[in-house]
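Structure data follow from model08.txt (compact mmCIF, C-alpha atoms):
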```
# COMPACT_ATOMS: atom_id res chain seq x y z
CA MET K 1 0.00 0.00 0.00
CA ARG K 2 2.75 2.36 1.06
CA ARG K 3 4.66 1.60 -2.12
CA THR K 4 1.66 2.41 -4.26
CA VAL K 5 1.32 5.73 -2.50
CA LEU K 6 5.03 6.42 -2.92
CA SER K 7 4.99 5.58 -6.61
CA THR K 8 1.94 7.76 -7.19
CA LEU K 9 3.71 10.60 -5.40
CA ALA K 10 6.82 10.17 -7.53
CA LEU K 11 4.74 10.15 -10.69
CA ALA K 12 2.89 13.27 -9.63
CA SER K 13 6.12 15.15 -8.84
CA THR K 14 7.72 14.29 -12.20
CA ALA K 15 4.56 15.35 -13.98
CA VAL K 16 4.68 18.68 -12.17
CA LEU K 17 8.33 19.14 -13.12
CA ALA K 18 7.55 18.31 -16.74
CA SER K 19 4.81 20.87 -16.90
CA THR K 20 6.89 23.63 -15.32
CA MET K 21 9.77 23.43 -17.88
CA PRO K 22 7.80 24.57 -20.93
CA ALA K 23 6.24 27.25 -18.79
CA PHE K 24 9.70 28.78 -18.25
CA ALA K 25 10.48 28.54 -21.96
CA ASP K 26 7.24 30.28 -22.81
CA GLY K 27 7.75 32.93 -20.22
CA ARG K 28 10.97 34.31 -21.69
CA SER K 29 10.18 34.90 -25.32
CA PRO K 30 7.01 37.02 -25.42
CA SER K 31 8.27 39.78 -23.16
CA PRO K 32 10.25 41.86 -25.71
CA VAL K 33 7.62 41.65 -28.45
CA PRO K 34 4.74 43.87 -27.32
CA SER K 35 6.81 46.92 -26.43
CA SER K 36 8.48 47.53 -29.82
CA PRO K 37 5.42 47.42 -32.13
CA ALA K 38 3.74 50.04 -29.99
CA THR K 39 6.56 52.49 -30.65
CA VAL K 40 6.82 51.56 -34.32
CA ASP K 41 3.13 52.16 -34.88
CA ALA K 42 3.36 55.60 -33.35
CA THR K 43 5.85 57.05 -35.85
CA PRO K 44 4.28 56.10 -39.19
CA SER K 45 0.99 57.71 -38.29
CA ALA K 46 2.66 61.10 -37.98
CA ALA K 47 5.15 60.73 -40.81
CA PRO K 48 2.98 60.20 -43.94
CA SER K 49 1.10 63.47 -43.68
CA ALA K 50 4.31 65.48 -43.51
CA VAL K 51 6.15 63.47 -46.15
CA ALA K 52 3.32 63.46 -48.68
CA SER K 53 3.42 67.18 -49.13
CA ALA K 54 7.11 68.03 -49.01
CA ALA K 55 9.40 65.06 -49.65
CA PRO K 56 9.30 63.50 -53.13
CA ARG K 57 9.28 59.82 -52.21
CA PRO K 58 10.26 57.66 -49.26
CA VAL K 59 13.53 55.81 -49.73
CA PRO K 60 12.67 52.32 -50.97
CA SER K 61 14.80 49.35 -49.98
CA THR K 62 17.66 48.75 -47.60
CA ALA K 63 20.33 49.01 -50.27
CA PRO K 64 20.64 52.79 -50.65
CA THR K 65 21.13 53.35 -46.94
CA ARG K 66 24.40 51.46 -47.10
CA ALA K 67 25.75 53.63 -49.88
CA ALA K 68 25.96 56.55 -47.51
CA THR K 69 28.99 55.11 -45.72
CA PRO K 70 32.13 55.47 -47.81
CA GLY K 71 34.25 52.35 -48.12
CA GLN K 72 31.45 49.89 -47.71
CA VAL K 73 29.42 48.08 -50.39
CA SER K 74 27.93 50.85 -52.52
CA ARG K 75 25.64 48.76 -54.74
CA VAL K 76 24.09 45.61 -53.35
CA PRO K 77 23.44 42.98 -56.04
CA ASN K 78 20.08 41.28 -56.44
CA GLY K 79 19.70 37.67 -55.49
CA ALA K 80 22.38 35.05 -55.04
CA PRO K 81 25.53 34.72 -57.16
CA ASP K 82 25.41 32.03 -59.83
CA THR K 83 28.90 30.69 -59.37
CA GLY K 84 28.65 27.12 -60.52
CA VAL K 85 27.91 25.55 -63.87
CA THR K 86 27.50 21.81 -63.85
CA SER K 87 28.23 19.76 -66.91
CA ALA K 88 24.50 19.02 -67.01
CA SER K 89 24.29 17.22 -70.34
CA THR K 90 27.26 14.95 -69.81
CA SER K 91 26.63 14.18 -66.17
CA SER K 92 22.93 13.43 -66.61
CA GLY K 93 23.77 11.26 -69.60
CA ASP K 94 26.25 9.32 -67.53
CA GLU K 95 23.78 8.93 -64.69
CA SER K 96 21.00 7.68 -66.95
CA ALA K 97 23.42 5.26 -68.60
CA VAL K 98 24.42 3.89 -65.22
CA ILE K 99 20.79 3.57 -64.11
CA GLY K 100 19.82 1.93 -67.38
CA GLY K 101 22.73 -0.48 -67.15
CA ALA K 102 21.85 -1.43 -63.60
CA ALA K 103 18.22 -2.03 -64.54
CA ALA K 104 19.25 -4.18 -67.48
CA ALA K 105 21.61 -6.20 -65.29
CA LEU K 106 18.86 -6.75 -62.72
CA ALA K 107 16.39 -7.86 -65.37
CA LEU K 108 18.97 -10.22 -66.84
CA ALA K 109 19.78 -11.71 -63.45
CA GLY K 110 16.10 -12.16 -62.65
CA GLY K 111 15.49 -13.84 -65.98
CA THR K 112 18.41 -16.18 -65.50
CA VAL K 113 17.17 -17.23 -62.08
CA LEU K 114 13.72 -17.95 -63.49
CA VAL K 115 15.10 -20.02 -66.34
CA VAL K 116 17.37 -22.02 -64.02
CA ARG K 117 14.50 -22.71 -61.62
CA ARG K 118 12.20 -23.88 -64.42
CA ARG K 119 14.87 -26.10 -65.86
CA ARG K 120 15.56 -27.61 -62.47
CA ALA K 121 11.87 -28.13 -61.86
CA ASN K 122 11.44 -29.79 -65.26
CA GLY K 123 14.56 -31.88 -64.77
CA ALA K 124 13.44 -33.08 -61.39
CA MET I 1 12.56 -6.27 -5.75
CA THR I 2 8.90 -7.13 -5.22
CA PRO I 3 6.49 -6.90 -8.14
CA LEU I 4 4.93 -3.81 -6.54
CA SER I 5 8.21 -1.92 -6.22
CA ARG I 6 9.15 -2.94 -9.76
CA ARG I 7 5.90 -1.50 -11.00
CA ALA I 8 6.49 1.70 -9.08
CA PHE I 9 10.01 1.98 -10.47
CA ALA I 10 8.75 1.41 -14.00
CA THR I 11 6.10 4.09 -13.53
CA VAL I 12 8.68 6.62 -12.37
CA VAL I 13 11.01 5.80 -15.27
CA LEU I 14 8.17 6.16 -17.75
CA ALA I 15 7.11 9.49 -16.25
CA ALA I 16 10.70 10.76 -16.34
CA SER I 17 11.15 9.79 -19.97
CA LEU I 18 7.87 11.50 -20.86
CA ALA I 19 9.06 14.62 -19.11
CA GLY I 20 12.29 14.45 -21.12
CA CYS I 21 10.36 14.22 -24.37
CA ALA I 22 8.29 17.23 -23.44
CA GLY I 23 11.45 19.24 -22.82
CA HIS I 24 12.88 18.33 -26.21
CA ASP I 25 9.71 19.37 -27.96
CA THR I 26 9.91 22.77 -26.35
CA ASP I 27 13.49 23.18 -27.55
CA ARG I 28 12.55 22.20 -31.06
CA GLY I 29 9.74 24.71 -31.08
CA ALA I 30 12.06 27.47 -29.95
CA ALA I 31 14.69 26.56 -32.55
CA ALA I 32 12.21 26.60 -35.40
CA HIS I 33 13.60 29.92 -36.63
CA PRO I 34 16.87 29.66 -38.57
CA THR I 35 19.51 30.41 -35.98
CA ALA I 36 22.09 28.06 -37.50
CA THR I 37 25.82 28.66 -37.44
CA PRO I 38 27.72 31.38 -35.62
CA PRO I 39 26.75 34.65 -37.29
CA PRO I 40 29.45 36.67 -38.97
CA SER I 41 30.77 39.60 -37.04
CA ARG I 42 28.32 42.47 -37.31
CA LEU I 43 29.81 45.58 -35.79
CA SER I 44 31.97 44.31 -32.94
CA ALA I 45 32.92 40.69 -32.13
CA ARG I 46 36.65 40.14 -32.10
CA ALA I 47 38.71 43.12 -33.15
CA ALA I 48 40.99 42.56 -36.12
CA THR I 49 44.64 42.36 -35.17
CA ALA I 50 45.88 44.29 -38.21
CA ALA I 51 45.28 47.92 -39.09
CA PRO I 52 43.11 48.44 -42.20
CA LEU I 53 44.78 49.27 -45.51
CA GLY I 54 44.07 51.98 -48.06
CA ARG I 55 42.24 51.30 -51.30
CA SER I 56 44.11 49.04 -53.74
CA VAL I 57 42.48 46.62 -56.15
CA PRO I 58 43.19 42.89 -55.56
CA VAL I 59 45.17 41.14 -58.28
CA GLY I 60 45.77 37.73 -56.74
CA LEU I 61 44.29 35.32 -54.23
CA ARG I 62 46.03 32.49 -52.38
CA ILE I 63 44.38 29.96 -50.06
CA PRO I 64 47.01 27.42 -49.02
CA ALA I 65 44.57 25.09 -47.22
CA ILE I 66 42.72 24.24 -50.44
CA GLY I 67 45.51 24.82 -52.95
CA VAL I 68 44.12 28.00 -54.50
CA ASP I 69 46.48 30.47 -56.18
CA THR I 70 44.68 32.51 -58.78
CA PRO I 71 44.67 35.90 -60.43
CA VAL I 72 41.73 38.11 -59.53
CA MET I 73 39.65 39.99 -62.11
CA GLN I 74 37.08 42.70 -61.49
CA LEU I 75 33.33 42.07 -61.54
CA GLY I 76 30.40 44.46 -61.63
CA LEU I 77 26.66 44.09 -61.94
CA ALA I 78 24.83 42.23 -64.70
CA ALA I 79 21.90 43.82 -66.53
CA ASP I 80 19.41 42.11 -64.21
CA GLY I 81 21.11 43.52 -61.13
CA THR I 82 22.78 40.30 -60.09
CA VAL I 83 26.50 40.17 -59.49
CA GLN I 84 28.65 39.31 -62.50
CA VAL I 85 30.62 36.08 -62.29
CA PRO I 86 33.93 35.11 -63.90
CA PRO I 87 33.68 33.59 -67.41
CA ILE I 88 33.32 29.85 -67.85
CA THR I 89 36.73 28.86 -69.15
CA ALA I 90 39.21 26.06 -68.72
CA HIS I 91 41.44 28.10 -66.41
CA ASP I 92 38.90 30.19 -64.61
CA ARG I 93 39.83 32.67 -61.93
CA ALA I 94 38.34 34.54 -59.04
CA GLY I 95 36.69 37.94 -59.33
CA TRP I 96 36.45 40.85 -56.92
CA TYR I 97 33.11 42.66 -56.78
CA ARG I 98 34.14 46.21 -57.60
CA TYR I 99 31.35 47.88 -55.61
CA SER I 100 32.69 46.33 -52.41
CA PRO I 101 35.74 47.59 -50.49
CA THR I 102 39.14 46.38 -51.65
CA PRO I 103 40.64 43.71 -49.37
CA GLY I 104 42.13 45.36 -46.32
CA GLN I 105 39.79 48.35 -46.35
CA VAL I 106 37.17 48.63 -43.65
CA GLY I 107 34.06 46.82 -44.82
CA PRO I 108 33.15 43.50 -46.45
CA SER I 109 35.29 42.87 -49.52
CA VAL I 110 33.62 40.31 -51.78
CA ILE I 111 35.43 37.81 -54.01
CA LEU I 112 33.59 35.21 -56.09
CA ALA I 113 34.62 32.21 -58.16
CA HIS I 114 33.06 29.13 -59.65
CA VAL I 115 32.86 25.76 -57.93
CA THR I 116 32.64 23.98 -61.26
CA VAL I 117 32.93 25.31 -64.81
CA GLY I 118 30.71 22.97 -66.77
CA ALA I 119 32.56 20.74 -69.20
CA TYR I 120 35.89 22.20 -68.05
CA GLY I 121 35.55 20.50 -64.69
CA ASP I 122 36.50 21.96 -61.31
CA GLY I 123 36.44 25.68 -60.71
CA VAL I 124 38.84 27.75 -58.62
CA PHE I 125 36.62 27.46 -55.55
CA ARG I 126 35.93 23.73 -55.95
CA HIS I 127 37.00 23.02 -52.37
CA LEU I 128 35.91 26.25 -50.71
CA ALA I 129 33.49 24.39 -48.42
CA ASP I 130 36.46 22.47 -46.99
CA LEU I 131 37.88 25.60 -45.37
CA ARG I 132 37.80 25.68 -41.61
CA ARG I 133 37.93 28.35 -38.95
CA GLY I 134 41.50 29.61 -38.61
CA ASP I 135 42.60 28.91 -42.21
CA ARG I 136 44.57 31.70 -43.93
CA ILE I 137 43.57 33.62 -47.05
CA GLU I 138 46.05 35.96 -48.75
CA THR I 139 45.02 38.68 -51.17
CA ARG I 140 47.72 40.35 -53.28
CA LEU I 141 46.94 43.96 -54.00
CA GLU I 142 47.81 46.12 -56.98
CA ASN I 143 50.11 48.30 -54.84
CA GLY I 144 52.29 45.31 -53.94
CA ARG I 145 50.92 44.84 -50.46
CA THR I 146 49.28 41.69 -49.14
CA ALA I 147 46.23 41.53 -46.90
CA GLU I 148 46.00 38.31 -44.93
CA PHE I 149 42.65 37.15 -43.61
CA THR I 150 41.68 34.40 -41.20
CA VAL I 151 38.56 32.30 -41.74
CA GLU I 152 35.95 32.80 -39.04
CA SER I 153 33.07 30.77 -40.40
CA VAL I 154 31.97 28.84 -43.46
CA ARG I 155 28.28 28.69 -44.24
CA THR I 156 26.24 26.87 -46.84
CA VAL I 157 22.97 28.69 -47.46
CA ALA I 158 20.07 28.13 -49.83
CA LYS I 159 20.19 30.53 -52.78
CA ALA I 160 16.55 31.30 -52.14
CA HIS I 161 17.54 32.66 -48.72
CA PHE I 162 20.84 34.32 -49.61
CA PRO I 163 21.85 36.41 -46.56
CA ALA I 164 22.53 39.68 -48.41
CA ASP I 165 22.66 41.69 -45.19
CA GLN I 166 25.33 39.48 -43.67
CA VAL I 167 27.35 39.37 -46.88
CA TYR I 168 27.10 42.98 -48.07
CA GLY I 169 26.08 44.75 -44.85
CA ASP I 170 28.33 47.28 -43.14
CA VAL I 171 30.94 46.11 -40.65
CA ASP I 172 33.34 48.11 -38.51
CA ARG I 173 36.54 46.31 -39.51
CA SER I 174 38.19 44.83 -42.57
CA GLU I 175 36.52 41.60 -43.63
CA LEU I 176 36.47 39.31 -46.63
CA ARG I 177 33.69 37.22 -48.15
CA LEU I 178 34.48 34.37 -50.51
CA ILE I 179 31.46 33.09 -52.38
CA THR I 180 30.80 30.13 -54.64
CA CYS I 181 28.03 27.63 -55.28
CA GLY I 182 27.43 24.39 -53.46
CA GLY I 183 24.90 21.90 -52.23
CA ALA I 184 22.71 19.78 -54.44
CA ARG I 185 22.91 20.15 -58.22
CA THR I 186 19.88 21.22 -60.18
CA GLY I 187 20.07 20.84 -63.93
CA ASP I 188 22.96 23.10 -64.84
CA GLY I 189 23.45 24.80 -61.46
CA TYR I 190 23.40 24.44 -57.70
CA LEU I 191 20.80 24.99 -55.00
CA ASP I 192 23.07 26.61 -52.42
CA ASN I 193 25.86 29.10 -51.97
CA VAL I 194 28.97 28.49 -49.89
CA ILE I 195 30.10 31.66 -48.13
CA VAL I 196 33.37 32.07 -46.23
CA PHE I 197 33.49 34.87 -43.69
CA ALA I 198 37.02 36.02 -42.83
CA ALA I 199 38.61 38.95 -41.00
CA LEU I 200 41.86 40.80 -41.62
CA SER I 201 44.61 39.36 -39.45
CA ALA I 202 47.86 40.69 -40.95
CA THR I 203 49.25 42.93 -43.66
CA SER I 204 52.59 42.96 -45.44
CA PRO I 205 54.96 44.50 -46.26
```
Since I need it in another form, could you write the structure as structure tokens?
Amino acid sequence: MRRTVLSTLALASTAVLASTMPAFADGRSPSPVPSSPATVDATPSAAPSAVASAAPRPVPSTAPTRAATPGQVSRVPNGAPDTGVTSASTSSGDESAVIGGAAAALALAGGTVLVVRRRRANGA
Amino acid sequence: MTPLSRRAFATVVLAASLAGCAGHDTDRGAAAHPTATPPPSRLSARAATAAPLGRSVPVGLRIPAIGVDTPVMQLGLAADGTVQVPPITAHDRAGWYRYSPTPGQVGPSVILAHVTVGAYGDGVFRHLADLRRGDRIETRLENGRTAEFTVESVRTVAKAHFPADQVYGDVDRSELRLITCGGARTGDGYLDNVIVFAALSATSP
């Protein structure tokens, strides 16, 4: 009886521990989030009315801001560099030849086994 | 051990293992965002040991660890706004992106080369992904000086998620980026880019 009680107690305590761990993990992350959007939202509401009349256009992407600093990358390229050309035709040809060869070999082996079995069966 | 105590022990073990699983799930959920490898130095980290150099175009590149010793050409932008790449030839070479700082200047200097050059076989940067933290990279400059860099990290990233900010973004010291293709092949190209992040460690003479 005592053992049953003890084991139940142990089970309950581990369950409690298990449930508290994710609670800690959850507790950390959300804290920084709510504060920043509040401040971000405040500025755009004021800005557009002023900008619309005077300034020609808001600066578009992130690239031009970097150009301001001398010595750093002045023009940021689009996308990823294409720095690798595979020998597509030759390599794919080789691969298909290998695959075809393997398939043919398998078919041949299977056929041979069948023929041998039939012959043995007929012979016996 | 009596059957009762065995049962109790088994219950505790089962409960503990369940608790362990729950913990792992939480970790996985937190790591869902791409944190990946150590990020390249963005304004701070370790200070470079060598003083930055003045502007001088690179003319040669040597990477002893992977047997690279190549002349360096200049590259600009293609009509579609992508970076130009060196021509596909038998003896291809590396190219410095001319809108980036020259090696040794403060900022991220960018040098690109092919991993493979089609029917010609291996490109200059065929083994770029084999570089490891601490490997040396030497760039020979037009003015006769040499800027020596030390590899800090090597990353393989999907082209679809090319980290332009980390590659071309401002830094407060002299750094070098070596870029080529890598990963799985797709038709006549590759799915990924291999990027080496290095920092200036010495200059000579």
I'd like to know which of I:Ile195, I:Leu53, I:Ala94, I:Val83 is closest to chain K, using only C-alpha atoms. I:Val83
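CA of Ala184 in chain I lies 14.8 Å from CA of His127 in chain I.
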Just the residues within 10 Å of Pro163 in chain I, please, counting all atoms listed in the file, with nothing from its chain fewer than 5 positions along; format it as JSON, numbers by chain. {"K": [79, 80], "I": [157, 158, 168, 169, 193, 195]}
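Across the structure, CA of Ser201 in chain I and CA of Leu112 in chain I are spaced 20.4 Å apart.
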Between CA of Thr82 in chain I and CA of Val76 in chain K lies a distance of 8.7 Å
Closest of I:Gly81, I:Pro86, I:Gly118, I:Gly104 to Asn78 in chain K, counting only C-alpha atoms, is I:Gly81
Show me the residues close to (42.5, 33.8, -65.8) - anything with an atom within 9 Å, counting all atoms listed in the file - and format the list as a VMD selection string. chain I and resid 70 to 73 86 to 87 89 to 94
Dump as a PDB file, in the frame of the given file, selection limited to C-alpha atoms:
```
ATOM      1  CA  THR I  70      44.680  32.510 -58.780  1.00  0.00           C
ATOM      2  CA  PRO I  71      44.670  35.900 -60.430  1.00  0.00           C
ATOM      3  CA  VAL I  72      41.730  38.110 -59.530  1.00  0.00           C
ATOM      4  CA  MET I  73      39.650  39.990 -62.110  1.00  0.00           C
ATOM      5  CA  PRO I  86      33.930  35.110 -63.900  1.00  0.00           C
ATOM      6  CA  PRO I  87      33.680  33.590 -67.410  1.00  0.00           C
ATOM      7  CA  THR I  89      36.730  28.860 -69.150  1.00  0.00           C
ATOM      8  CA  ALA I  90      39.210  26.060 -68.720  1.00  0.00           C
ATOM      9  CA  HIS I  91      41.440  28.100 -66.410  1.00  0.00           C
ATOM     10  CA  ASP I  92      38.900  30.190 -64.610  1.00  0.00           C
ATOM     11  CA  ARG I  93      39.830  32.670 -61.930  1.00  0.00           C
ATOM     12  CA  ALA I  94      38.340  34.540 -59.040  1.00  0.00           C
TER      13      ALA I  94
END
```
Go through chain I residue by residue and, counting all atoms listed in the file, keep those with an atom at most 6 Å from chain K; for each kept residue give the shortest atom pair and its distance in Å to one decimal, ordered by chain and increasing number, as CSV.
```
residue,atom,partner,partner_atom,distance
I:Ala8,CA,K:Ser7,CA,4.8
I:Val12,CA,K:Leu11,CA,5.6
I:Ala19,CA,K:Ala18,CA,4.6
I:Gly81,CA,K:Asn78,CA,5.3
I:Thr82,CA,K:Asn78,CA,4.6
I:Val83,CA,K:Pro77,CA,5.4
I:Tyr99,CA,K:Ser74,CA,5.5
I:Ser100,CA,K:Val73,CA,4.2
I:Pro101,CA,K:Gly71,CA,5.5
I:Gly107,CA,K:Gln72,CA,5.0
I:His114,CA,K:Thr83,CA,4.5
I:Val115,CA,K:Gly84,CA,5.1
I:Thr116,CA,K:Gly84,CA,5.1
I:Val117,CA,K:Val85,CA,5.1
I:Gly118,CA,K:Ser87,CA,4.1
I:Ala119,CA,K:Ser87,CA,5.0
I:Lys159,CA,K:Ala80,CA,5.5
I:Phe162,CA,K:Ala80,CA,5.7
I:Thr180,CA,K:Thr83,CA,5.1
I:Cys181,CA,K:Thr83,CA,5.2
I:Gly187,CA,K:Ala88,CA,5.7
I:Asp188,CA,K:Thr86,CA,4.8
I:Gly189,CA,K:Val85,CA,5.1
```
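Remark: residues at most 9 Å from position (39.6, 38.5, -41.9) in file coordinates are Ala48, Gly104, Arg136, Ile137, Ala147, Glu148, Phe149, Thr150, Val151, Glu152, Arg173, Ser174, Glu175, Leu176, Arg177, Phe197, Ala198, Ala199, Leu200, Ser201 and Ala202 of chain I, using all atoms listed in the file.
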Can you tell me, as lines of an AutoDock Vina configuration file, the centre and edge lengths (Å, one decimal) of the axis-aligned box enclosing all of range 169-176 of chain I's listed atoms after padding each side by 5 Å?
```
center_x = 32.1
center_y = 43.7
center_z = -42.6
size_x = 22.1
size_y = 18.8
size_z = 18.1
```
Non-local contacts of Pro205 in chain I (10 Å; only C-alpha atoms; under 6 positions in same chain excluded) as a PyMOL selection string: chain I and resi 144-147
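Closest approach to Ala164 in chain I among I:Gly95, I:Gly182, I:Pro108, I:Asp80: I:Pro108, based on only C-alpha atoms.
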Between I:Ala129, I:Val57, I:Ala79, I:Ala65, which one has atoms that come closest to Arg98 in chain I, using all atoms listed in the file? I:Val57
